[in-house]
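Participant: Sharing data_3.txt, compact mmCIF, C-alpha atoms (C1' of nucleotides) and all ligand atoms:
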# COMPACT_ATOMS: atom_id res chain seq x y z
CA MET A 1 42.50 -26.83 -122.96
CA GLN A 2 42.98 -29.58 -120.41
CA VAL A 3 44.33 -32.92 -121.48
CA GLU A 4 41.74 -35.60 -120.86
CA ARG A 5 42.95 -38.40 -118.64
CA LYS A 6 41.40 -41.80 -118.62
CA HIS A 7 41.87 -43.36 -115.26
CA ARG A 8 40.77 -46.92 -114.85
CA MET A 9 39.38 -48.30 -111.65
CA THR A 10 41.65 -51.20 -111.00
CA ARG A 11 41.33 -53.55 -108.07
CA GLN A 12 44.61 -52.21 -106.71
CA ARG A 13 43.51 -48.59 -106.82
CA GLN A 14 40.18 -49.49 -105.28
CA VAL A 15 41.69 -51.35 -102.32
CA ILE A 16 44.35 -48.70 -101.72
CA LEU A 17 41.71 -45.98 -101.49
CA GLU A 18 39.38 -48.10 -99.36
CA GLU A 19 42.06 -49.06 -96.87
CA LEU A 20 43.46 -45.55 -96.62
CA ARG A 21 39.98 -44.22 -95.90
CA ARG A 22 39.38 -46.94 -93.32
CA VAL A 23 42.47 -46.44 -91.20
CA LYS A 24 43.00 -43.31 -89.16
CA THR A 25 46.73 -43.55 -88.76
CA HIS A 26 47.95 -41.37 -91.65
CA PRO A 27 50.17 -44.21 -92.85
CA THR A 28 53.35 -43.97 -94.86
CA ALA A 29 53.40 -45.62 -98.28
CA ASP A 30 55.23 -48.57 -96.79
CA GLU A 31 52.77 -48.98 -93.92
CA LEU A 32 49.84 -48.87 -96.33
CA TYR A 33 51.65 -51.40 -98.51
CA PHE A 34 51.60 -53.90 -95.65
CA ILE A 35 47.94 -53.17 -94.93
CA VAL A 36 46.89 -53.58 -98.56
CA ARG A 37 48.84 -56.82 -98.96
CA GLN A 38 46.39 -58.51 -96.61
CA LYS A 39 43.85 -58.22 -99.41
CA LEU A 40 46.18 -58.17 -102.42
CA PRO A 41 49.24 -60.25 -101.51
CA ARG A 42 50.86 -59.82 -104.91
CA ILE A 43 50.69 -56.01 -105.12
CA SER A 44 53.90 -54.08 -105.64
CA LEU A 45 55.14 -51.20 -103.50
CA ALA A 46 55.58 -49.15 -106.67
CA THR A 47 51.88 -49.60 -107.39
CA VAL A 48 51.06 -48.21 -103.96
CA TYR A 49 53.23 -45.17 -104.62
CA ARG A 50 51.83 -44.69 -108.12
CA ASN A 51 48.23 -44.85 -106.99
CA LEU A 52 48.72 -42.67 -103.96
CA ASP A 53 50.14 -40.00 -106.21
CA LEU A 54 47.34 -40.41 -108.73
CA LEU A 55 44.65 -40.27 -106.04
CA TYR A 56 46.33 -37.17 -104.70
CA GLN A 57 46.28 -35.54 -108.14
CA GLU A 58 42.58 -36.34 -108.34
CA GLY A 59 42.01 -34.71 -104.95
CA LYS A 60 40.71 -37.89 -103.38
CA ILE A 61 43.37 -38.09 -100.67
CA LEU A 62 45.82 -35.77 -98.93
CA LYS A 63 49.59 -35.85 -98.79
CA LEU A 64 51.03 -34.66 -95.52
CA PRO A 65 54.22 -32.61 -95.84
CA ALA A 66 57.26 -34.79 -95.18
CA VAL A 67 58.30 -32.76 -92.15
CA ASP A 68 60.44 -35.60 -90.83
CA GLY A 69 61.49 -36.81 -94.26
CA VAL A 70 58.80 -39.45 -94.76
CA MET A 71 55.61 -38.84 -96.66
CA ARG A 72 52.28 -39.73 -95.06
CA PHE A 73 48.84 -40.02 -96.58
CA ASP A 74 45.34 -39.15 -95.40
CA GLY A 75 42.03 -40.47 -96.73
CA THR A 76 40.10 -37.69 -95.04
CA VAL A 77 39.93 -34.71 -97.34
CA THR A 78 37.71 -32.47 -95.24
CA PRO A 79 39.86 -29.61 -93.91
CA HIS A 80 41.62 -30.39 -90.65
CA TYR A 81 45.03 -30.09 -89.05
CA HIS A 82 47.50 -32.58 -87.66
CA ILE A 83 49.68 -33.10 -84.64
CA ARG A 84 52.73 -35.31 -84.79
CA CYS A 85 54.26 -37.12 -81.82
CA THR A 86 57.96 -36.33 -81.71
CA LYS A 87 58.64 -39.58 -79.85
CA CYS A 88 56.87 -42.25 -81.91
CA GLY A 89 55.99 -40.36 -85.10
CA ARG A 90 52.25 -40.99 -84.84
CA VAL A 91 50.07 -38.38 -86.54
CA SER A 92 46.63 -37.52 -85.14
CA ASP A 93 43.87 -35.30 -86.43
CA VAL A 94 43.17 -31.95 -84.87
CA MET A 95 39.54 -31.19 -85.46
CA LEU A 96 39.84 -27.52 -84.82
CA ASP A 97 39.05 -24.69 -87.15
CA VAL A 98 42.14 -22.53 -87.29
CA ASP A 99 41.69 -19.49 -89.44
CA LEU A 100 44.97 -17.68 -89.61
CA ASN A 101 43.75 -14.99 -92.00
CA LEU A 102 47.29 -13.81 -92.44
CA GLU A 103 47.60 -14.19 -96.17
CA ARG A 104 47.10 -10.53 -96.99
CA LYS A 105 49.59 -9.43 -94.37
CA VAL A 106 52.16 -11.98 -95.50
CA ALA A 107 51.62 -11.03 -99.13
CA ARG A 108 52.28 -7.38 -98.31
CA ARG A 109 55.48 -8.23 -96.45
CA THR A 110 56.95 -10.59 -99.00
CA GLY A 111 55.63 -9.64 -102.42
CA TYR A 112 54.53 -13.24 -102.93
CA HIS A 113 51.13 -14.26 -104.17
CA VAL A 114 50.15 -16.29 -101.11
CA THR A 115 48.19 -19.44 -101.86
CA GLY A 116 48.14 -21.17 -98.49
CA TYR A 117 50.22 -22.45 -95.64
CA VAL A 118 51.45 -25.61 -93.98
CA LEU A 119 50.55 -25.86 -90.32
CA GLU A 120 51.35 -28.91 -88.26
CA PHE A 121 51.54 -29.18 -84.51
CA GLU A 122 54.23 -31.07 -82.62
CA GLY A 123 54.04 -32.71 -79.24
CA VAL A 124 54.11 -35.89 -77.22
CA CYS A 125 51.16 -38.24 -77.51
CA PRO A 126 49.43 -39.71 -74.43
CA ASP A 127 51.07 -43.11 -74.96
CA CYS A 128 54.55 -41.60 -75.06
CA ALA A 129 54.01 -39.17 -72.16
CA PRO A 130 55.93 -40.11 -68.99
CA ARG A 131 53.63 -41.75 -66.46
CA THR A 132 52.80 -39.47 -63.52
CA GLU A 133 54.26 -40.97 -60.34
CA HIS A 134 52.17 -40.95 -57.15
CA MET B 135 77.50 -26.35 -64.15
CA GLN B 136 78.31 -25.99 -67.80
CA VAL B 137 78.68 -28.94 -70.12
CA GLU B 138 82.27 -29.37 -71.24
CA ARG B 139 82.82 -28.10 -74.77
CA LYS B 140 84.72 -30.48 -76.99
CA HIS B 141 83.99 -28.82 -80.27
CA ARG B 142 86.92 -27.49 -82.22
CA MET B 143 86.77 -24.50 -84.50
CA THR B 144 87.98 -25.85 -87.78
CA ARG B 145 88.39 -23.81 -90.93
CA GLN B 146 85.59 -25.84 -92.53
CA ARG B 147 83.13 -25.17 -89.71
CA GLN B 148 84.06 -21.50 -89.70
CA VAL B 149 83.49 -21.00 -93.42
CA ILE B 150 80.25 -23.00 -93.44
CA LEU B 151 78.80 -20.83 -90.69
CA GLU B 152 80.08 -17.60 -92.27
CA GLU B 153 78.68 -18.38 -95.68
CA LEU B 154 75.34 -19.59 -94.34
CA ARG B 155 75.00 -16.37 -92.36
CA ARG B 156 75.96 -14.30 -95.39
CA VAL B 157 73.47 -15.71 -97.88
CA LYS B 158 69.76 -15.14 -97.50
CA THR B 159 68.57 -18.01 -99.65
CA HIS B 160 68.01 -20.73 -97.04
CA PRO B 161 70.19 -23.11 -99.06
CA THR B 162 70.09 -26.88 -99.09
CA ALA B 163 73.19 -28.75 -97.95
CA ASP B 164 74.15 -29.27 -101.56
CA GLU B 165 73.70 -25.62 -102.50
CA LEU B 166 75.81 -24.54 -99.54
CA TYR B 167 78.40 -27.12 -100.55
CA PHE B 168 78.86 -25.35 -103.88
CA ILE B 169 79.05 -21.96 -102.18
CA VAL B 170 81.61 -23.09 -99.63
CA ARG B 171 83.78 -24.76 -102.26
CA GLN B 172 84.63 -21.35 -103.65
CA LYS B 173 86.68 -20.82 -100.50
CA LEU B 174 87.52 -24.43 -99.64
CA PRO B 175 87.71 -26.34 -102.93
CA ARG B 176 88.70 -29.61 -101.26
CA ILE B 177 85.85 -29.78 -98.72
CA SER B 178 83.62 -32.82 -98.72
CA LEU B 179 79.83 -32.80 -98.89
CA ALA B 180 79.76 -35.05 -95.83
CA THR B 181 81.65 -32.38 -93.90
CA VAL B 182 78.99 -29.85 -94.85
CA TYR B 183 76.25 -32.15 -93.60
CA ARG B 184 78.16 -32.97 -90.42
CA ASN B 185 78.82 -29.36 -89.55
CA LEU B 186 75.33 -28.17 -90.37
CA ASP B 187 73.99 -30.74 -87.96
CA LEU B 188 76.51 -29.82 -85.29
CA LEU B 189 75.83 -26.09 -85.67
CA TYR B 190 72.15 -26.89 -85.40
CA GLN B 191 72.72 -28.85 -82.19
CA GLU B 192 74.62 -25.85 -80.84
CA GLY B 193 71.69 -23.59 -81.72
CA LYS B 194 73.78 -21.47 -84.08
CA ILE B 195 71.65 -22.15 -87.14
CA LEU B 196 68.14 -23.33 -87.97
CA LYS B 197 66.96 -26.36 -89.87
CA LEU B 198 63.81 -25.75 -91.89
CA PRO B 199 61.39 -28.69 -91.87
CA ALA B 200 61.75 -30.66 -95.10
CA VAL B 201 58.24 -29.88 -96.27
CA ASP B 202 59.09 -30.88 -99.83
CA GLY B 203 61.51 -33.61 -98.82
CA VAL B 204 64.71 -31.55 -98.90
CA MET B 205 66.26 -29.98 -95.85
CA ARG B 206 67.17 -26.29 -95.88
CA PHE B 207 69.29 -24.27 -93.49
CA ASP B 208 69.06 -20.77 -92.07
CA GLY B 209 71.81 -18.71 -90.49
CA THR B 210 69.30 -16.32 -88.94
CA VAL B 211 68.24 -17.67 -85.58
CA THR B 212 65.98 -14.84 -84.48
CA PRO B 213 62.36 -16.10 -84.64
CA HIS B 214 60.70 -15.60 -88.00
CA TYR B 215 58.54 -17.45 -90.48
CA HIS B 216 59.08 -18.53 -94.06
CA ILE B 217 57.28 -18.57 -97.36
CA ARG B 218 58.15 -21.06 -100.06
CA CYS B 219 57.58 -20.52 -103.77
CA THR B 220 55.68 -23.50 -105.14
CA LYS B 221 57.14 -22.87 -108.61
CA CYS B 222 60.88 -22.53 -108.03
CA GLY B 223 61.26 -23.72 -104.43
CA ARG B 224 62.85 -20.50 -103.18
CA VAL B 225 62.34 -19.76 -99.49
CA SER B 226 62.04 -16.20 -98.24
CA ASP B 227 61.78 -14.75 -94.76
CA VAL B 228 58.52 -13.41 -93.42
CA MET B 229 59.40 -10.83 -90.83
CA LEU B 230 56.07 -10.98 -89.09
CA ASP B 231 55.45 -11.55 -85.43
CA VAL B 232 52.80 -14.25 -85.29
CA ASP B 233 51.79 -15.55 -81.94
CA LEU B 234 49.10 -18.09 -82.55
CA ASN B 235 48.57 -19.10 -78.93
CA LEU B 236 46.82 -22.16 -80.29
CA GLU B 237 48.90 -24.71 -78.50
CA ARG B 238 46.69 -24.84 -75.41
CA LYS B 239 43.55 -25.30 -77.47
CA VAL B 240 45.14 -28.06 -79.51
CA ALA B 241 46.39 -29.78 -76.36
CA ARG B 242 42.86 -29.86 -74.95
CA ARG B 243 41.48 -31.36 -78.16
CA THR B 244 44.12 -34.00 -78.72
CA GLY B 245 45.43 -35.00 -75.32
CA TYR B 246 48.96 -34.39 -76.58
CA HIS B 247 51.52 -32.38 -74.71
CA VAL B 248 52.03 -29.72 -77.37
CA THR B 249 55.59 -28.49 -77.74
CA GLY B 250 55.36 -26.36 -80.86
CA TYR B 251 54.23 -26.16 -84.43
CA VAL B 252 55.51 -25.92 -87.96
CA LEU B 253 54.13 -22.99 -89.92
CA GLU B 254 55.27 -22.23 -93.41
CA PHE B 255 53.50 -20.14 -96.01
CA GLU B 256 53.16 -21.13 -99.62
CA GLY B 257 52.85 -18.94 -102.68
CA VAL B 258 54.33 -17.74 -105.91
CA CYS B 259 57.34 -15.45 -105.72
CA PRO B 260 57.52 -12.22 -107.77
CA ASP B 261 59.99 -13.76 -110.24
CA CYS B 262 57.67 -16.68 -110.94
CA ALA B 263 54.46 -14.66 -111.06
CA PRO B 264 52.99 -14.35 -114.58
CA ARG B 265 53.81 -10.99 -116.10
CA THR B 266 50.77 -8.68 -116.26
CA GLU B 267 49.97 -7.97 -119.91
CA HIS B 268 48.99 -4.44 -120.92
C1' DT C 269 36.01 -60.57 -128.31
C1' DA C 270 39.00 -57.55 -130.44
C1' DT C 271 41.29 -53.26 -129.87
C1' DT C 272 43.35 -49.68 -127.31
C1' DG C 273 46.35 -47.90 -124.19
C1' DT C 274 46.39 -47.54 -119.13
C1' DC C 275 48.19 -50.11 -115.58
C1' DC C 276 50.78 -53.80 -113.16
C1' DG C 277 54.85 -56.28 -110.82
C1' DA C 278 59.67 -56.68 -110.57
C1' DA C 279 63.70 -54.61 -110.61
C1' DA C 280 66.88 -50.96 -111.33
C1' DA C 281 67.79 -46.23 -110.78
C1' DC C 282 67.76 -42.13 -108.35
C1' DT C 283 68.20 -38.63 -104.47
C1' DA C 284 69.10 -37.02 -100.04
C1' DT C 285 71.33 -38.20 -96.06
C1' DT C 286 74.16 -40.94 -92.81
C1' DA C 287 77.87 -44.13 -91.52
C1' DT C 288 82.54 -45.93 -91.96
C1' DC C 289 87.41 -45.47 -91.70
C1' DA C 290 92.23 -44.32 -92.08
C1' DG C 291 94.75 -40.33 -91.86
C1' DT C 292 94.86 -35.17 -90.34
C1' DA C 293 94.89 -31.24 -87.45
C1' DT C 294 93.04 -28.65 -83.33
C1' DT C 295 93.40 -28.18 -78.61
C1' DA C 296 95.14 -28.80 -73.87
C1' DG C 297 98.94 -29.88 -71.11
C1' DT C 298 103.68 -29.93 -70.30
C1' DA D 299 107.33 -25.27 -78.79
C1' DC D 300 106.55 -30.24 -78.29
C1' DT D 301 103.50 -33.87 -77.47
C1' DA D 302 99.57 -36.59 -76.64
C1' DA D 303 94.75 -37.24 -77.03
C1' DT D 304 91.09 -37.30 -79.90
C1' DA D 305 87.69 -34.50 -82.63
C1' DC D 306 87.58 -33.93 -87.25
C1' DT D 307 88.25 -34.50 -92.37
C1' DG D 308 87.78 -36.37 -97.26
C1' DA D 309 86.54 -40.24 -99.77
C1' DT D 310 83.56 -43.65 -100.17
C1' DA D 311 80.03 -46.97 -99.06
C1' DA D 312 75.70 -47.72 -97.19
C1' DT D 313 70.95 -46.61 -96.26
C1' DA D 314 66.15 -45.14 -96.92
C1' DG D 315 62.47 -43.39 -99.44
C1' DT D 316 60.76 -42.71 -103.76
C1' DT D 317 60.62 -42.77 -108.87
C1' DT D 318 61.50 -44.79 -113.33
C1' DT D 319 61.76 -48.47 -116.62
C1' DC D 320 59.83 -52.11 -119.27
C1' DG D 321 57.52 -56.14 -121.03
C1' DG D 322 53.36 -58.25 -120.15
C1' DA D 323 48.45 -57.86 -118.13
C1' DC D 324 43.97 -56.14 -118.02
C1' DA D 325 40.02 -52.53 -117.78
C1' DA D 326 37.22 -49.99 -120.88
C1' DT D 327 34.83 -49.33 -125.05
C1' DA D 328 32.34 -50.73 -128.94
ZN ZN E 401 53.90 -41.06 -79.30
ZN ZN E 402 44.12 -36.30 -91.00
ZN ZN E 403 59.57 -18.65 -107.59
ZN ZN E 404 64.83 -17.48 -92.56
Take the structure in the file and give it back as structure tokens.

Facilitator:
Amino acid sequence: MQVERKHRMTRQRQVILEELRRVKTHPTADELYFIVRQKLPRISLATVYRNLDLLYQEGKILKLPAVDGVMRFDGTVTPHYHIRCTKCGRVSDVMLDVDLNLERKVARRTGYHVTGYVLEFEGVCPDCAPRTEH
Amino acid sequence: MQVERKHRMTRQRQVILEELRRVKTHPTADELYFIVRQKLPRISLATVYRNLDLLYQEGKILKLPAVDGVMRFDGTVTPHYHIRCTKCGRVSDVMLDVDLNLERKVARRTGYHVTGYVLEFEGVCPDCAPRTEH
DNA sequence: TATTGTCCGAAAACTATTATCAGTATTAGT
DNA sequence: ACTAATACTGATAATAGTTTTCGGACAATA
């Protein structure tokens, strides 16, 4: 029996979700905090964190694994991958269907019940790439 | 010409590397700190961190990406993948040769210069799996 | 509009990691 | 072996990101 939760739609939660869906930068909590403050100047950073976690629990947003120690959030929940610039930290979408289909093989090797995997590409974004001399 | 080596082989560095190579648990810095203190009771946690980073720079150990926010270390440097138990956090090796060869495709899609990727499997380890009733 | 209890802002607490610093000990050179 | 140079250590403080706490505010329901 699942415990019924009664989530309210507060102005804060609304704006946080709207802004996260609008931007395409996969912002950190702090970055989104600055974005949201343009509409809600009195909002608290803790409220941003709280709502991001709640929206994640509800499946309305994604949390990107904190590969570099900082958590990032994604308003696009349709399946896609990410590539992270190792110079500036920017995260871009990779609209490419990658089907690893390795779960059975990995399960046999490890004895784990495999539920998924984390896949994130690394590289240098066009802005950070050294200019070609000519 | 070879870069001049200025690193000293201290007892602390020696024991940290030995113990990390001995265990197969992919410990956090703190976990390794407790292990190493059995041989060097006066060692500092900062020394563990410092040496893990230095050994990593030297290519003698691996750092696992902090997918869940905590860094883990690996004394096995031969290429292999990992699977993390989502219940207890344990990380096990996956001795499976996976060559995705996706990097070129991703580069074409994103415009990034792709240098690598992070791949880590997720699942439930045998110890955490629910016992089958019969 | 009264009641209920979720939610908020502000601040403190917490956790993992890094930086600081005075004293120690490894290494190279004699 | 002795010495000098300096990488390194332990203890501690500082930092950064995130979570918790708590009294008051406010959305939801009737
Ligand atoms: Zn970049
Ligand atoms: Zn995305
Ligand atoms: Zn487990
Ligand atoms: Zn490993």

Participant: Between atom CA of Asp74 of chain A and atom CA of Cys219 of chain B, what distance in Å does the model show, to one decimal?

Facilitator: 23.8 Å

Participant: Counting all atoms listed in the file, a student should be able to say which residues of chain B come within 9 Å of chain C; what is the right answer, written as a ChimeraX atom specification?

Facilitator: /B:142-144,180,183,203-205

Participant: Within 8 Å of chain D, which residues of chain B are there when counting all atoms listed in the file? Please give them as a PDB file with C-alpha atoms, in the coordinates of the input.

Facilitator:
ATOM      1  CA  LYS B 140      84.720 -30.480 -76.990  1.00  0.00           C
ATOM      2  CA  HIS B 141      83.990 -28.820 -80.270  1.00  0.00           C
ATOM      3  CA  ARG B 142      86.920 -27.490 -82.220  1.00  0.00           C
ATOM      4  CA  ARG B 176      88.700 -29.610-101.260  1.00  0.00           C
ATOM      5  CA  ILE B 177      85.850 -29.780 -98.720  1.00  0.00           C
ATOM      6  CA  SER B 178      83.620 -32.820 -98.720  1.00  0.00           C
ATOM      7  CA  THR B 181      81.650 -32.380 -93.900  1.00  0.00           C
TER       8      THR B 181
END

Participant: Identify, counting only C-alpha atoms (C1' of nucleotides) and all ligand atoms, the protein, DNA and RNA residues located within 7 Å of ligand ZN 403 (chain E), and give them as a list of chain:residue names.

Facilitator: B:Cys219, B:Thr220, B:Lys221, B:Cys222, B:Gly223, B:Arg224, B:Val258, B:Cys259, B:Pro260, B:Asp261, B:Cys262

Participant: In file coordinates, which residues lie within 12 Å of (49.6, -16.2, -103.5) using only C-alpha atoms (C1' of nucleotides), given as a PDB file with C-alpha atoms, keeping the file's coordinate frame?

Facilitator:
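Dumped everything to result-v1.pdb:
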ATOM      1  CA  LEU A 102      47.290 -13.810 -92.440  1.00  0.00           C
ATOM      2  CA  GLU A 103      47.600 -14.190 -96.170  1.00  0.00           C
ATOM      3  CA  ARG A 104      47.100 -10.530 -96.990  1.00  0.00           C
ATOM      4  CA  LYS A 105      49.590  -9.430 -94.370  1.00  0.00           C
ATOM      5  CA  VAL A 106      52.160 -11.980 -95.500  1.00  0.00           C
ATOM      6  CA  ALA A 107      51.620 -11.030 -99.130  1.00  0.00           C
ATOM      7  CA  ARG A 108      52.280  -7.380 -98.310  1.00  0.00           C
ATOM      8  CA  THR A 110      56.950 -10.590 -99.000  1.00  0.00           C
ATOM      9  CA  GLY A 111      55.630  -9.640-102.420  1.00  0.00           C
ATOM     10  CA  TYR A 112      54.530 -13.240-102.930  1.00  0.00           C
ATOM     11  CA  HIS A 113      51.130 -14.260-104.170  1.00  0.00           C
ATOM     12  CA  VAL A 114      50.150 -16.290-101.110  1.00  0.00           C
ATOM     13  CA  THR A 115      48.190 -19.440-101.860  1.00  0.00           C
ATOM     14  CA  GLY A 116      48.140 -21.170 -98.490  1.00  0.00           C
ATOM     15  CA  TYR A 117      50.220 -22.450 -95.640  1.00  0.00           C
TER      16      TYR A 117
ATOM     17  CA  ILE B 217      57.280 -18.570 -97.360  1.00  0.00           C
ATOM     18  CA  ARG B 218      58.150 -21.060-100.060  1.00  0.00           C
ATOM     19  CA  CYS B 219      57.580 -20.520-103.770  1.00  0.00           C
ATOM     20  CA  THR B 220      55.680 -23.500-105.140  1.00  0.00           C
ATOM     21  CA  LYS B 221      57.140 -22.870-108.610  1.00  0.00           C
ATOM     22  CA  PHE B 255      53.500 -20.140 -96.010  1.00  0.00           C
ATOM     23  CA  GLU B 256      53.160 -21.130 -99.620  1.00  0.00           C
ATOM     24  CA  GLY B 257      52.850 -18.940-102.680  1.00  0.00           C
ATOM     25  CA  VAL B 258      54.330 -17.740-105.910  1.00  0.00           C
ATOM     26  CA  CYS B 259      57.340 -15.450-105.720  1.00  0.00           C
ATOM     27  CA  PRO B 260      57.520 -12.220-107.770  1.00  0.00           C
ATOM     28  CA  CYS B 262      57.670 -16.680-110.940  1.00  0.00           C
ATOM     29  CA  ALA B 263      54.460 -14.660-111.060  1.00  0.00           C
ATOM     30  CA  PRO B 264      52.990 -14.350-114.580  1.00  0.00           C
TER      31      PRO B 264
END

Participant: Show me which residues line ligand ZN 402 (chain E), defined as having an atom within 10 Å of a ligand atom where all atoms listed in the file count, and present them as a list of chain:residue names.

Facilitator: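 Residues lying within 10 Å of ligand ZN 402 (chain E): A:Lys24, A:Thr25, A:His26, A:Ile61, A:Leu62, A:Lys63, A:Leu64, A:Arg72, A:Phe73, A:Asp74, A:Gly75, A:Thr76, A:Val77, A:Thr78, A:Pro79, A:His80, A:Tyr81, A:His82, A:Ile83, A:Val91, A:Ser92, A:Asp93, A:Val94, A:Met95.
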
Participant: Could you jot down the atom CA of Val182 of chain B to atom CA of Asp164 of chain B separation for me, Å, one decimal place?

Facilitator: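 Separation between atom CA of Val182 of chain B and atom CA of Asp164 of chain B: 8.3 Å.
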
Participant: Atom CA of Arg21 of chain A to atom CA of Arg50 of chain A: how many Å, to one decimal?

Facilitator: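 Taking atom CA of Arg21 of chain A as the start and atom CA of Arg50 of chain A as the end point, the length is 17.0 Å.
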
Participant: Using the structure just given, write a file holding N, CA, C and O atoms (P, O5', C5', C4', C3', O3' and C1' of nucleotides) for segment 282-294 of chain C, as an mmCIF file, in the first residue's frame.

Facilitator:
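The resulting part.cif:
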data_model
loop_
_atom_site.group_PDB
_atom_site.id
_atom_site.type_symbol
_atom_site.label_atom_id
_atom_site.label_comp_id
_atom_site.auth_asym_id
_atom_site.auth_seq_id
_atom_site.Cartn_x
_atom_site.Cartn_y
_atom_site.Cartn_z
ATOM 1 P P DC C 282 24.973 18.621 12.862
ATOM 2 O "O5'" DC C 282 25.272 18.016 11.426
ATOM 3 C "C5'" DC C 282 24.213 17.895 10.495
ATOM 4 C "C4'" DC C 282 24.750 17.486 9.141
ATOM 5 C "C3'" DC C 282 26.035 16.641 9.198
ATOM 6 O "O3'" DC C 282 25.764 15.433 8.516
ATOM 7 C "C1'" DC C 282 26.233 18.421 7.634
ATOM 8 P P DT C 283 26.872 14.255 8.548
ATOM 9 O "O5'" DT C 283 27.568 14.392 7.118
ATOM 10 C "C5'" DT C 283 26.769 14.468 5.951
ATOM 11 C "C4'" DT C 283 27.679 14.494 4.743
ATOM 12 C "C3'" DT C 283 28.963 13.674 4.906
ATOM 13 O "O3'" DT C 283 29.150 12.911 3.730
ATOM 14 C "C1'" DT C 283 29.486 15.924 4.360
ATOM 15 P P DA C 284 30.362 11.855 3.642
ATOM 16 O "O5'" DA C 284 31.270 12.555 2.544
ATOM 17 C "C5'" DA C 284 30.694 12.897 1.304
ATOM 18 C "C4'" DA C 284 31.651 13.773 0.550
ATOM 19 C "C3'" DA C 284 33.064 13.198 0.412
ATOM 20 O "O3'" DA C 284 33.440 13.268 -0.956
ATOM 21 C "C1'" DA C 284 33.138 15.395 1.299
ATOM 22 P P DT C 285 34.881 12.736 -1.404
ATOM 23 O "O5'" DT C 285 35.761 14.065 -1.382
ATOM 24 C "C5'" DT C 285 35.343 15.168 -2.180
ATOM 25 C "C4'" DT C 285 36.170 16.394 -1.861
ATOM 26 C "C3'" DT C 285 37.684 16.198 -2.038
ATOM 27 O "O3'" DT C 285 38.088 16.984 -3.153
ATOM 28 C "C1'" DT C 285 37.134 17.480 -0.090
ATOM 29 P P DT C 286 39.611 17.090 -3.580
ATOM 30 O "O5'" DT C 286 40.059 18.457 -2.888
ATOM 31 C "C5'" DT C 286 39.268 19.615 -3.085
ATOM 32 C "C4'" DT C 286 39.897 20.790 -2.353
ATOM 33 C "C3'" DT C 286 41.393 20.938 -2.578
ATOM 34 O "O3'" DT C 286 41.629 22.303 -2.916
ATOM 35 C "C1'" DT C 286 40.901 20.921 -0.263
ATOM 36 P P DA C 287 43.111 22.855 -3.129
ATOM 37 O "O5'" DA C 287 43.396 23.665 -1.789
ATOM 38 C "C5'" DA C 287 42.444 24.608 -1.346
ATOM 39 C "C4'" DA C 287 42.962 25.359 -0.128
ATOM 40 C "C3'" DA C 287 44.423 25.762 -0.202
ATOM 41 O "O3'" DA C 287 44.540 27.060 0.373
ATOM 42 C "C1'" DA C 287 44.086 24.339 1.668
ATOM 43 P P DT C 288 45.996 27.780 0.449
ATOM 44 O "O5'" DT C 288 46.379 27.630 1.978
ATOM 45 C "C5'" DT C 288 45.422 27.976 2.967
ATOM 46 C "C4'" DT C 288 46.026 27.823 4.353
ATOM 47 C "C3'" DT C 288 47.503 28.193 4.459
ATOM 48 O "O3'" DT C 288 47.682 28.972 5.634
ATOM 49 C "C1'" DT C 288 47.169 26.010 5.270
ATOM 50 P P DC C 289 49.031 29.905 5.791
ATOM 51 O "O5'" DC C 289 49.867 29.068 6.869
ATOM 52 C "C5'" DC C 289 49.225 28.539 8.012
ATOM 53 C "C4'" DC C 289 50.168 27.607 8.754
ATOM 54 C "C3'" DC C 289 51.661 27.879 8.499
ATOM 55 O "O3'" DC C 289 52.367 27.741 9.722
ATOM 56 C "C1'" DC C 289 51.176 25.645 8.059
ATOM 57 P P DA C 290 53.697 28.729 9.985
ATOM 58 O "O5'" DA C 290 54.308 28.055 11.290
ATOM 59 C "C5'" DA C 290 53.449 27.452 12.267
ATOM 60 C "C4'" DA C 290 53.988 26.083 12.645
ATOM 61 C "C3'" DA C 290 55.507 26.011 12.826
ATOM 62 O "O3'" DA C 290 55.792 25.139 13.915
ATOM 63 C "C1'" DA C 290 54.856 24.467 11.185
ATOM 64 P P DG C 291 57.274 24.971 14.494
ATOM 65 O "O5'" DG C 291 57.597 23.437 14.244
ATOM 66 C "C5'" DG C 291 56.752 22.458 14.824
ATOM 67 C "C4'" DG C 291 56.893 21.158 14.078
ATOM 68 C "C3'" DG C 291 58.289 20.527 14.124
ATOM 69 O "O3'" DG C 291 58.113 19.148 14.394
ATOM 70 C "C1'" DG C 291 57.544 20.650 11.900
ATOM 71 P P DT C 292 59.386 18.182 14.574
ATOM 72 O "O5'" DT C 292 59.259 17.216 13.318
ATOM 73 C "C5'" DT C 292 58.022 16.534 13.102
ATOM 74 C "C4'" DT C 292 58.169 15.640 11.887
ATOM 75 C "C3'" DT C 292 59.406 14.738 11.901
ATOM 76 O "O3'" DT C 292 58.968 13.469 11.476
ATOM 77 C "C1'" DT C 292 59.345 15.983 9.899
ATOM 78 P P DA C 293 59.963 12.195 11.630
ATOM 79 O "O5'" DA C 293 60.327 11.914 10.108
ATOM 80 C "C5'" DA C 293 59.276 11.776 9.166
ATOM 81 C "C4'" DA C 293 59.871 11.636 7.770
ATOM 82 C "C3'" DA C 293 61.097 10.734 7.712
ATOM 83 O "O3'" DA C 293 61.163 10.222 6.400
ATOM 84 C "C1'" DA C 293 61.733 12.843 7.041
ATOM 85 P P DT C 294 61.547 8.712 6.147
ATOM 86 O "O5'" DT C 294 61.811 8.737 4.569
ATOM 87 C "C5'" DT C 294 60.770 9.174 3.714
ATOM 88 C "C4'" DT C 294 61.362 9.877 2.511
ATOM 89 C "C3'" DT C 294 62.481 9.101 1.803
ATOM 90 O "O3'" DT C 294 62.214 9.135 0.426
ATOM 91 C "C1'" DT C 294 63.213 11.276 2.301
#
